[in-house]
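*Asks:* Can you keep this structure in mind? I'll have questions shortly.
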Amino acid sequence: MFKQLDVDQIDSVQIILDGQPLQVSKGITVAAAVLSNNYRYTRTSPVSNSKRAPFCMMGVCYDCLMVIDGKANQRACATYVQNGMQIDRQQSVGPELGANQ
Amino acid sequence: MKNHYQLLVIGGGPAGLAAATVASAEGISCAVLDEQATPGGQIYRAIESIPEQRGKQLGSEYLRGKTIASEFRASDAEFYAETKVWSLNSEREVGVIRSNEADIISADQIIVASGAMERPIPFPGWTLPGVMQAGAGQILFKSAGIVPDNGVVLAGSGPLLLLLAWQYLHAGVEVKALLDVTPLSNHITALPKFPRALLAHQYLIKGIGYQIELKRAGIPMLFGVSDLRAEGEELCQRVCFKHSGKQKTIESELLLTHFGVIPHIWLTQSAGCKHQWDESQQCWRPEHDEWGNTDLPGILVAGDGAGINGARSAEHAGRLAGLEALFALGAISREERDRKAVKDRKWVRDERHIRPFLEKYYQIPKDMLATSDDKTIVCRCEEITAGEVRQAVREGHDNTNQVKFFTRCGMGPCQGRQCSNAVAHIVADEGGMPVEKMGHYRGRPPVTPLTLEQLAGLNKEDVL
Amino acid sequence: MNSDALIVGGGLMGSSIALQLAMRGCKCTVVEKASPGRHSSGVSAGGLRLLNRDPAEIPLSVEASKMWRDIASLVDSDCDARFPGQIRVAENKADMEKLEKRAALVRSLGYGHEEIIDRKELYQLVPALAPHCVGALINRTDGYARPYHALTAFRRKAESLGVEYHSSTEVFNFEKQGNDWQVRTSKRTFSSSVLVNCAGAWANKLSTLLNEPVPLTAKALALMVTERLPHFVDPVMGAASRKLSFKQMQNGTLIIGGALQAKLDFEREKTELDWTQLAKSAETVVSFFPQLKDVRVVRAWAGIESFMPDNIPVISQSQTDSNAYHAFGFSAHGFQLSPVIGKVMSQLILDGCSEIPLDAFHINRFNQ
């Protein structure tokens with residue numbers, strides 16, 4: 001859906017997206033990285049389980065929520081990629097919270 | 001970061017940067033807080049690091065930001081990047097999150113330069129992946145050099161559509177069509193405002209120039225489009241619309257829409273500033289005087305967050321607010337403030353010339369503002385449809401906040417940013433009342449969510 | 001236009017009373033200075049709690065608990081009520097002793113609804129709880145409902161029986177003309193045989209007009225709500241010695257409260273959150289449920305509520321006029337009582353006494 005211009009001129013970092021290692025440009029947001037690597041959606045909604053993707057890219061719509069380094073509900077458009085970052089598409093409300101016992 | 005500043009500026013776009021630059025010149029302690037990694041705001045996003053080629057593709061208006069950013073960098077103002085502001089109150093206490101920690105700092109004067117956001121207009125299919133706001137496309141382009149690779153349909157109303165089409169054209173992106181939903185009748189209703197707009201003919205010439213270039217490049221530009229919708233199995237696959245009385249379809253996995261911009265008022269709302277409905281701009285904005293003073297002492301607004309006037313005006317309004325803050329702090333006299341403000345005041349006035357025409361010309365028709373299709377989702381978070389909102393009104397919930405209580409519309413993570421205007425319009429429409437009587441969702445902090453751990457961290461005296 | 005009863009305040013109490021009076025054939029008018037549920041009824045946390053009630057309130061609360069179980073038969077809607085129970089957790093021996101004492105007190109009054117559970121049962125009920133807790137007090141029939149939905153249901157049912165609501169109608173003053181009250185409002189003058197004061201935080205204005213001022217204080221209490229979470233806890237949670245009150249709603253959001261006071265400008269009806277209060281509450285929540293530390297708070301608010309010095313309401317006939325009545329001062333725990341208040345007030349007004357004694361709630365307790 002999106003492509004990155006002048007890819008060869010940019011430093012890259014490695015992220016793990018849904019378990020797959022991926023080289024992406026340094027300094028871009030997670031949402032930009034996801035969209036430019038042909039991932040068409042970033043989460044499923046908690047109400048109807050419909051697929052959703054970044055919509056505003058400026059932190060307003062909260063539609064780009066993803067699980068980043070194990071934490072659910074992170075705005076992918078307001079989070080910058082880091083080397084080794086684990087990013088998962090969020091299913092509904094995200095991973096179980098678990099018990100303490 | 002100190003826990004108190006004489007002046008805190010929230011937002012590092014043209015208004016905020018200009019305000020901080022002018023204010024810090026008088027030796028006061030001043031800091032700018034911004035969510036992004038570098039100064040520039042959404043309009044001049046990534047301005048400091050933009051590769052030359054991409055800068056050219058984005059155009060001269062964008063490159064103006066370089067001067068503003070470098071002047072700011074040369075000033076004594078501090079810049080706090082990747083800093084989220086989650087609250088503001090009438091006592092000028094500002095909640096911030098930085099390096100994953102929350103804190104509350106304060107200031108004698110606060111300038112809120114929160115900028116604009118795209119006007120959300122719900123239409124059938126707008127929640128499908130592949131439907132995005134035009135501003136999102138621009139942000140991807142500016143900040144990361146990311147552009148559509150399988151073509152794109154642009155649709156909506158407003159000058160940004162033309163600019164984005166022009167920018168994409170120069171970056172070699174296939175623009176499948178530009179669908180203008182501005183009602184053709186606006187051409188006539190806007191006519192009386194046209195003579196004044198001629199005083200700002202540079203903008204008109206620019207707009208016409210874009211159109212000529214796009215036409216020459218063979219990009220289909222359709223005017224008077226209606227019944228816009230995105231369709232597809234889980235993802236956007238095609239854009240459907242009505243044009244010249246006929247149903248049409250364009251296959252496209254990407255649709256970027258734009259329906260003008262509105263002030264981002266969530267911070268001033270939660271601070272309790274008075275807001276008013278701006279009929280011409282079809283949006284709520286904080287009440288303020290020509291210096292940016294709101295009704296709350298020491299809280300000023302500048303730039304598009306105060307009312308939509310564009311990036312250039314924002315810069316001047318920012319300087320005016322900066323001077324006013326200096327005056328309020330006792331750093332400059334009234335005479336000094338007035339003397340230094342002469343040019344900017346004239347600029348702000350002159351920049352207004354084009355606005356009444358643009359606002360009338362690009363006025364969004366009521367059936368789009370009030371989402372005439374009952375099956376369309378208006379609240380993206382809670383997935384509440386226009387029909388459900390209308391039903392709630394019919395059942396006696398006759399203002400925006402009651403509809404929110406009843407339907408949960410606006411109670412999701414975006415806190416109503418995407419649905420508040422649509423809900424107000426639907427409630428007004430259904431109840432036969434003017435929209436300004438409906439009110440806006442009441443501001444409910446935090447303006448951006450914070451974790452329980454971050455919140456708990458505010459309780460510092462309590463040593464665990 | 002003359003009504004049998006004019007009810008001042010369109011919140012849950014006013015609506016519940018109007019409904020019960022209408023069910024017995026009275027013609028009722030409700031005047032509301034803002035919109036129904038604008039203050040405490042709309043911003044309530046929605047707890048249906050019989051656990052840990054003031055002994056004076058227990059008889060009312062027991063009856064209310066029964067009514068909530070079958071609320072649809074009264075208002076044609078279940079008000080989204082759920083009954084997963086409510087517990088007060090003990091974190092140490094001292095807490096446990098406190099809870100045991102409380103359970104003994106309730107038993108001595110002839111009620112069995114508050115039970116002590118041991119550590120094992122506590123962790124069976126709430127496996128997500130931090131491991132340091134030692135036991136709890138439980139009422140298995142408690143729960144929660146959605147306040148604004150409940151209010152809407154009460155109001156609509158009342159309206160279907162002919163009750164008239166007037167929003168944005170503020171009472172300025174009133175006087176007796178013959179046997180009837182003439183009530184002047186911001187809209188028009190209403191006349192009515194009986195006057196009922198359900199004005200919440202504004203109730204003292206009316207009781208003062210009746211020459212029986214009360215030491216009511218208006219306070220703003222804050223609540224916060226999180227994003228939707230995977231289901232992880234059933235009962236409504238409280239603690240024996242710390243300010244903890246939270247519940248996970250059907251949609252997965254957590255509502256966190258616990259008498260968190262906010263700043264209030266009563267004249268301007270403006271509230272402002274006190275983040276240090278919310279911070280303490282967040283800290284308490286995380287210490288009971290460490291796995292919630294990364295959960296985000298998306299919204300916090302404060303609502304204006306009426307408090308009496310003894311934290312129990314005024315439910316009584318006026319001392320100065322036998323055709324005026326009061327039901328206010330619920331001190332932030334009135335939601336659960338709302339159905340029964342309608343019932344006992346309608347009995348008090350129409351029969352002269354109610355099936356449940358109301359002596360403890362008489363307005364005369366504040367007489368010098």
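Please note that chains go A, B, ... in the order of the structure tokens, that every chain numbers its residues from 1, and that ligands are numbered from 1 in the order shown.
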May I have a table of the residues of chain A lying at most 9 Å from chain B, giving each one's closest pair of atoms and their distance in Å to one decimal, counting only C-alpha atoms, ordered by chain and ascending residue number, as a Markdown table?

*Replies:*
| residue | atom | partner | partner_atom | distance |
| --- | --- | --- | --- | --- |
| A:Met1 | CA | B:Asp149 | CA | 5.6 |
| A:Phe2 | CA | B:Pro148 | CA | 4.2 |
| A:Lys3 | CA | B:Asp149 | CA | 5.4 |
| A:Gln4 | CA | B:Ile146 | CA | 4.3 |
| A:Leu5 | CA | B:Gly145 | CA | 5.4 |
| A:Asp6 | CA | B:Gly145 | CA | 7.6 |
| A:Val7 | CA | B:Gly145 | CA | 8.7 |
| A:Ser25 | CA | B:Ala144 | CA | 8.0 |
| A:Gly27 | CA | B:Ala144 | CA | 8.1 |
| A:Ile28 | CA | B:Ala144 | CA | 5.9 |
| A:Thr29 | CA | B:Ala144 | CA | 8.4 |
| A:Ala32 | CA | B:Leu140 | CA | 6.4 |
| A:Ala33 | CA | B:Ala144 | CA | 8.9 |
| A:Leu35 | CA | B:Ile146 | CA | 8.7 |
| A:Ser36 | CA | B:Ile146 | CA | 6.7 |
| A:Arg40 | CA | B:Pro129 | CA | 6.5 |
| A:Tyr41 | CA | B:Pro129 | CA | 5.9 |
| A:Thr42 | CA | B:Pro129 | CA | 8.7 |
| A:Ser45 | CA | B:Cys381 | CA | 7.8 |
| A:Pro46 | CA | B:Glu382 | CA | 8.4 |
| A:Val47 | CA | B:Glu382 | CA | 6.5 |
| A:Ser48 | CA | B:Glu383 | CA | 7.8 |
| A:Ser50 | CA | B:Glu234 | CA | 7.0 |
| A:Lys51 | CA | B:Glu234 | CA | 6.3 |
| A:Arg52 | CA | B:Pro129 | CA | 5.2 |
| A:Ala53 | CA | B:Pro129 | CA | 4.8 |
| A:Pro54 | CA | B:Met132 | CA | 7.2 |
| A:Phe55 | CA | B:Met132 | CA | 4.5 |
| A:Cys56 | CA | B:Ala136 | CA | 4.9 |
| A:Met57 | CA | B:Ala136 | CA | 4.8 |
| A:Met58 | CA | B:Ala136 | CA | 7.1 |
| A:Gly59 | CA | B:Cys414 | CA | 8.9 |
| A:Val60 | CA | B:Cys414 | CA | 6.5 |
| A:Cys61 | CA | B:Cys414 | CA | 5.5 |
| A:Tyr62 | CA | B:Cys414 | CA | 5.3 |
| A:Asp63 | CA | B:Cys381 | CA | 7.7 |
| A:Ala78 | CA | B:Glu35 | CA | 7.6 |
| A:Thr79 | CA | B:Glu82 | CA | 9.0 |
| A:Tyr80 | CA | B:Ala37 | CA | 8.7 |

*Asks:* May I have the residues from that selection written out with N, CA and C atoms, as a compact mmCIF listing (two decimals), in the first residue's frame?

*Replies:*
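out01.txt, written as the output of this step:
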# COMPACT_ATOMS: atom_id res chain seq x y z
N MET A 1 0.83 -1.19 0.00
CA MET A 1 0.00 0.00 0.00
C MET A 1 0.88 1.26 0.00
N PHE A 2 1.98 1.21 0.79
CA PHE A 2 2.92 2.32 0.82
C PHE A 2 4.33 1.81 0.54
N LYS A 3 5.17 2.70 0.03
CA LYS A 3 6.58 2.34 -0.17
C LYS A 3 7.44 3.49 0.34
N GLN A 4 8.69 3.16 0.63
CA GLN A 4 9.60 4.20 1.10
C GLN A 4 10.50 4.63 -0.05
N LEU A 5 10.58 5.95 -0.24
CA LEU A 5 11.49 6.49 -1.26
C LEU A 5 12.92 6.49 -0.70
N ASP A 6 13.89 6.46 -1.57
CA ASP A 6 15.33 6.59 -1.21
C ASP A 6 15.73 5.67 -0.06
N VAL A 7 15.26 4.41 -0.06
CA VAL A 7 15.53 3.51 1.06
C VAL A 7 17.03 3.33 1.29
N SER A 25 13.65 1.77 8.42
CA SER A 25 14.44 2.99 8.58
C SER A 25 14.50 3.44 10.03
N GLY A 27 14.49 6.10 12.96
CA GLY A 27 13.86 7.40 13.18
C GLY A 27 12.43 7.52 12.71
N ILE A 28 11.86 6.45 12.17
CA ILE A 28 10.45 6.55 11.76
C ILE A 28 9.56 5.95 12.85
N THR A 29 8.29 6.21 12.73
CA THR A 29 7.38 5.66 13.74
C THR A 29 7.04 4.21 13.41
N ALA A 32 4.59 4.04 10.60
CA ALA A 32 5.21 4.23 9.29
C ALA A 32 5.91 2.94 8.86
N ALA A 33 6.59 2.29 9.80
CA ALA A 33 7.30 1.06 9.48
C ALA A 33 6.33 -0.04 9.05
N LEU A 35 3.18 0.28 7.87
CA LEU A 35 2.49 0.59 6.61
C LEU A 35 3.41 0.42 5.40
N SER A 36 4.68 0.78 5.55
CA SER A 36 5.57 0.71 4.39
C SER A 36 6.09 -0.69 4.15
N ARG A 40 -1.31 -4.34 6.09
CA ARG A 40 -2.44 -3.45 5.80
C ARG A 40 -3.28 -3.11 7.02
N TYR A 41 -3.12 -3.87 8.10
CA TYR A 41 -3.86 -3.46 9.30
C TYR A 41 -2.98 -3.66 10.52
N THR A 42 -3.34 -2.99 11.60
CA THR A 42 -2.50 -3.03 12.80
C THR A 42 -3.20 -3.66 14.00
N SER A 45 -10.60 -4.57 16.22
CA SER A 45 -11.28 -3.73 17.22
C SER A 45 -11.90 -4.59 18.32
N PRO A 46 -11.95 -4.06 19.54
CA PRO A 46 -12.52 -4.85 20.64
C PRO A 46 -14.04 -4.99 20.56
N VAL A 47 -14.71 -4.13 19.82
CA VAL A 47 -16.17 -4.19 19.78
C VAL A 47 -16.65 -5.22 18.76
N SER A 48 -16.17 -5.12 17.51
CA SER A 48 -16.69 -6.01 16.47
C SER A 48 -15.61 -6.90 15.87
N SER A 50 -13.33 -6.03 13.98
CA SER A 50 -13.01 -5.66 12.60
C SER A 50 -11.57 -5.14 12.52
N LYS A 51 -10.99 -5.28 11.34
CA LYS A 51 -9.60 -4.87 11.15
C LYS A 51 -9.50 -3.35 11.11
N ARG A 52 -8.45 -2.84 11.70
CA ARG A 52 -8.21 -1.40 11.72
C ARG A 52 -6.76 -1.10 11.38
N ALA A 53 -6.53 0.10 10.87
CA ALA A 53 -5.18 0.53 10.52
C ALA A 53 -5.02 1.97 10.95
N PRO A 54 -3.77 2.48 10.95
CA PRO A 54 -3.58 3.89 11.29
C PRO A 54 -4.47 4.76 10.41
N PHE A 55 -5.03 5.80 11.00
CA PHE A 55 -5.99 6.64 10.28
C PHE A 55 -5.49 8.08 10.20
N CYS A 56 -5.03 8.64 11.34
CA CYS A 56 -4.65 10.06 11.33
C CYS A 56 -3.14 10.27 11.34
N MET A 57 -2.39 9.32 11.85
CA MET A 57 -0.92 9.38 11.94
C MET A 57 -0.42 10.53 12.81
N MET A 58 -1.30 11.17 13.57
CA MET A 58 -0.82 12.26 14.41
C MET A 58 -1.30 12.15 15.86
N GLY A 59 -1.59 10.93 16.27
CA GLY A 59 -1.88 10.72 17.68
C GLY A 59 -3.28 11.05 18.12
N VAL A 60 -4.18 11.30 17.17
CA VAL A 60 -5.51 11.76 17.53
C VAL A 60 -6.54 10.63 17.57
N CYS A 61 -6.42 9.70 16.62
CA CYS A 61 -7.54 8.76 16.43
C CYS A 61 -7.45 7.48 17.26
N TYR A 62 -6.29 7.13 17.77
CA TYR A 62 -6.10 5.93 18.59
C TYR A 62 -6.53 4.66 17.86
N ASP A 63 -6.45 4.69 16.54
CA ASP A 63 -6.83 3.50 15.78
C ASP A 63 -5.62 2.62 15.48
N ALA A 78 2.80 7.22 17.41
CA ALA A 78 3.48 8.12 18.34
C ALA A 78 4.64 7.40 19.03
N THR A 79 5.02 6.25 18.48
CA THR A 79 6.13 5.47 19.04
C THR A 79 7.19 5.31 17.95
N TYR A 80 8.43 5.64 18.26
CA TYR A 80 9.49 5.54 17.27
C TYR A 80 10.14 4.15 17.32

*Asks:* Restrict the distance test to only C-alpha atoms, flag each residue of chain C within 7 Å of chain B, and return the flagged residues as a PyMOL selection string.

*Replies:* chain C and resi 148-149+227+276+279-280+282-283+293-301

*Asks:* As a list in words, could you give me every residue of chain C near chain A (at most 8 Å apart, counting only C-alpha atoms)?

*Replies:* Pro127, Ala128, Leu129, Ala130, Pro131, Arg228, Leu229, Pro230, His231, Phe232, Phe289, Gln291, Leu292 and Asp294 of chain C

*Asks:* If you run DSSP on the backbone here, which positions in region 279-433 of chain B get strand (DSSP E)? Please write them as a PyMOL selection string.

*Replies:* chain B and resi 283-286+299-301+377-379+384-385

*Asks:* Got a sec to tell me which of region 29-254 of chain C DSSP assigns to alpha helix (DSSP H), as a PyMOL selection string?

*Replies:* chain C and resi 40-43+58-69+71-75+93-108+119-125+147-160+203-209

*Asks:* So how many Å separate CA of Leu19 (chain C) and CA of Asn173 (chain C), to one decimal?

*Replies:*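 Result for CA of Leu19 (chain C) versus CA of Asn173 (chain C): 24.4 Å, one decimal.
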
*Asks:* Quick one: pull the distance between CA of His362 (chain C) and CA of Ser318 (chain C), Å, one decimal.

*Replies:*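 Taking CA of His362 (chain C) and CA of Ser318 (chain C), their separation equals 8.7 Å.
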
*Asks:* Write out as a count of residues only which residues come within 12 Å of Val378 (chain B) when counting only C-alpha atoms, dropping same-chain ones fewer than 4 positions away.

*Replies:* 40

*Asks:* Using only C-alpha atoms, which of the listed residues (C:Thr217, C:Ser193, C:Gln317, C:Asn92) sits closest to Lys205 (chain C)?

*Replies:* C:Thr217

*Asks:* Excluding Asn2 (chain C) and any residue of its chain fewer than 3 positions from it, enumerate the residues within 12 Å of it, using only C-alpha atoms, and give them as a list in words.

*Replies:* Ala5, Leu6, Cys26, Lys27, Cys28, Thr29, Glu164, Asn179, Asp180, Trp181, Gln182, Val183, Thr189, Phe190, Ser191, Ser192, Ser193, Val194 and Leu195 of chain C

*Asks:* What's the 6 Å shell around Phe259 (chain B), counting only C-alpha atoms, without same-chain residues fewer than 2 positions away, as a PDB file with N, CA and C atoms, in the first residue's frame?

*Replies:*
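File part_39.pdb, as written:
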ATOM      1  N   ARG B 119     -10.611  17.473  10.158  1.00  0.00           N
ATOM      2  CA  ARG B 119     -12.020  17.411  10.554  1.00  0.00           C
ATOM      3  C   ARG B 119     -12.531  16.002  10.253  1.00  0.00           C
ATOM      4  N   GLY B 156     -12.524  14.565  -0.920  1.00  0.00           N
ATOM      5  CA  GLY B 156     -12.949  15.469   0.134  1.00  0.00           C
ATOM      6  C   GLY B 156     -13.050  16.886  -0.353  1.00  0.00           C
ATOM      7  N   SER B 157     -12.631  17.804   0.519  1.00  0.00           N
ATOM      8  CA  SER B 157     -12.834  19.208   0.231  1.00  0.00           C
ATOM      9  C   SER B 157     -11.768  20.020   0.961  1.00  0.00           C
TER      10      SER B 157
END

*Asks:* Between CA of Ala153 (chain C) and CA of Ala72 (chain C), what is the distance, to one decimal in Å?

*Replies:* 9.1 Å

*Asks:* Can you pull out the residues contacting Pro21 (chain A)? Cut-off 12 Å, using only C-alpha atoms, and skip same-chain residues under 4 positions away; I want them as a PyMOL selection string.

*Replies:* chain A and resi 13-17+37+83-88

*Asks:* Any chance you can output those residues with C-alpha atoms as a short mmCIF file (atom, residue, chain, number, x, y, z; two decimals), in the first residue's frame?

*Replies:*
data_model
loop_
_atom_site.label_atom_id
_atom_site.label_comp_id
_atom_site.auth_asym_id
_atom_site.auth_seq_id
_atom_site.Cartn_x
_atom_site.Cartn_y
_atom_site.Cartn_z
CA VAL A 13 17.19 -0.84 12.56
CA GLN A 14 15.73 -4.30 13.03
CA ILE A 15 12.29 -4.79 14.50
CA ILE A 16 10.34 -8.00 15.05
CA LEU A 17 6.88 -7.59 13.57
CA ASN A 37 6.09 -3.01 4.80
CA ASN A 83 16.48 -1.77 17.39
CA GLY A 84 15.09 -5.10 18.59
CA MET A 85 11.60 -3.74 19.25
CA GLN A 86 8.91 -6.45 19.34
CA ILE A 87 5.75 -5.30 17.66
CA ASP A 88 2.57 -7.31 17.41
#

*Asks:* Nearest residue to Met66 (chain A) out of A:Gln91, A:Asn49, A:Val24, A:Val81, using only C-alpha atoms?

*Replies:*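 Closest residue, counting only C-alpha atoms: A:Gln91.
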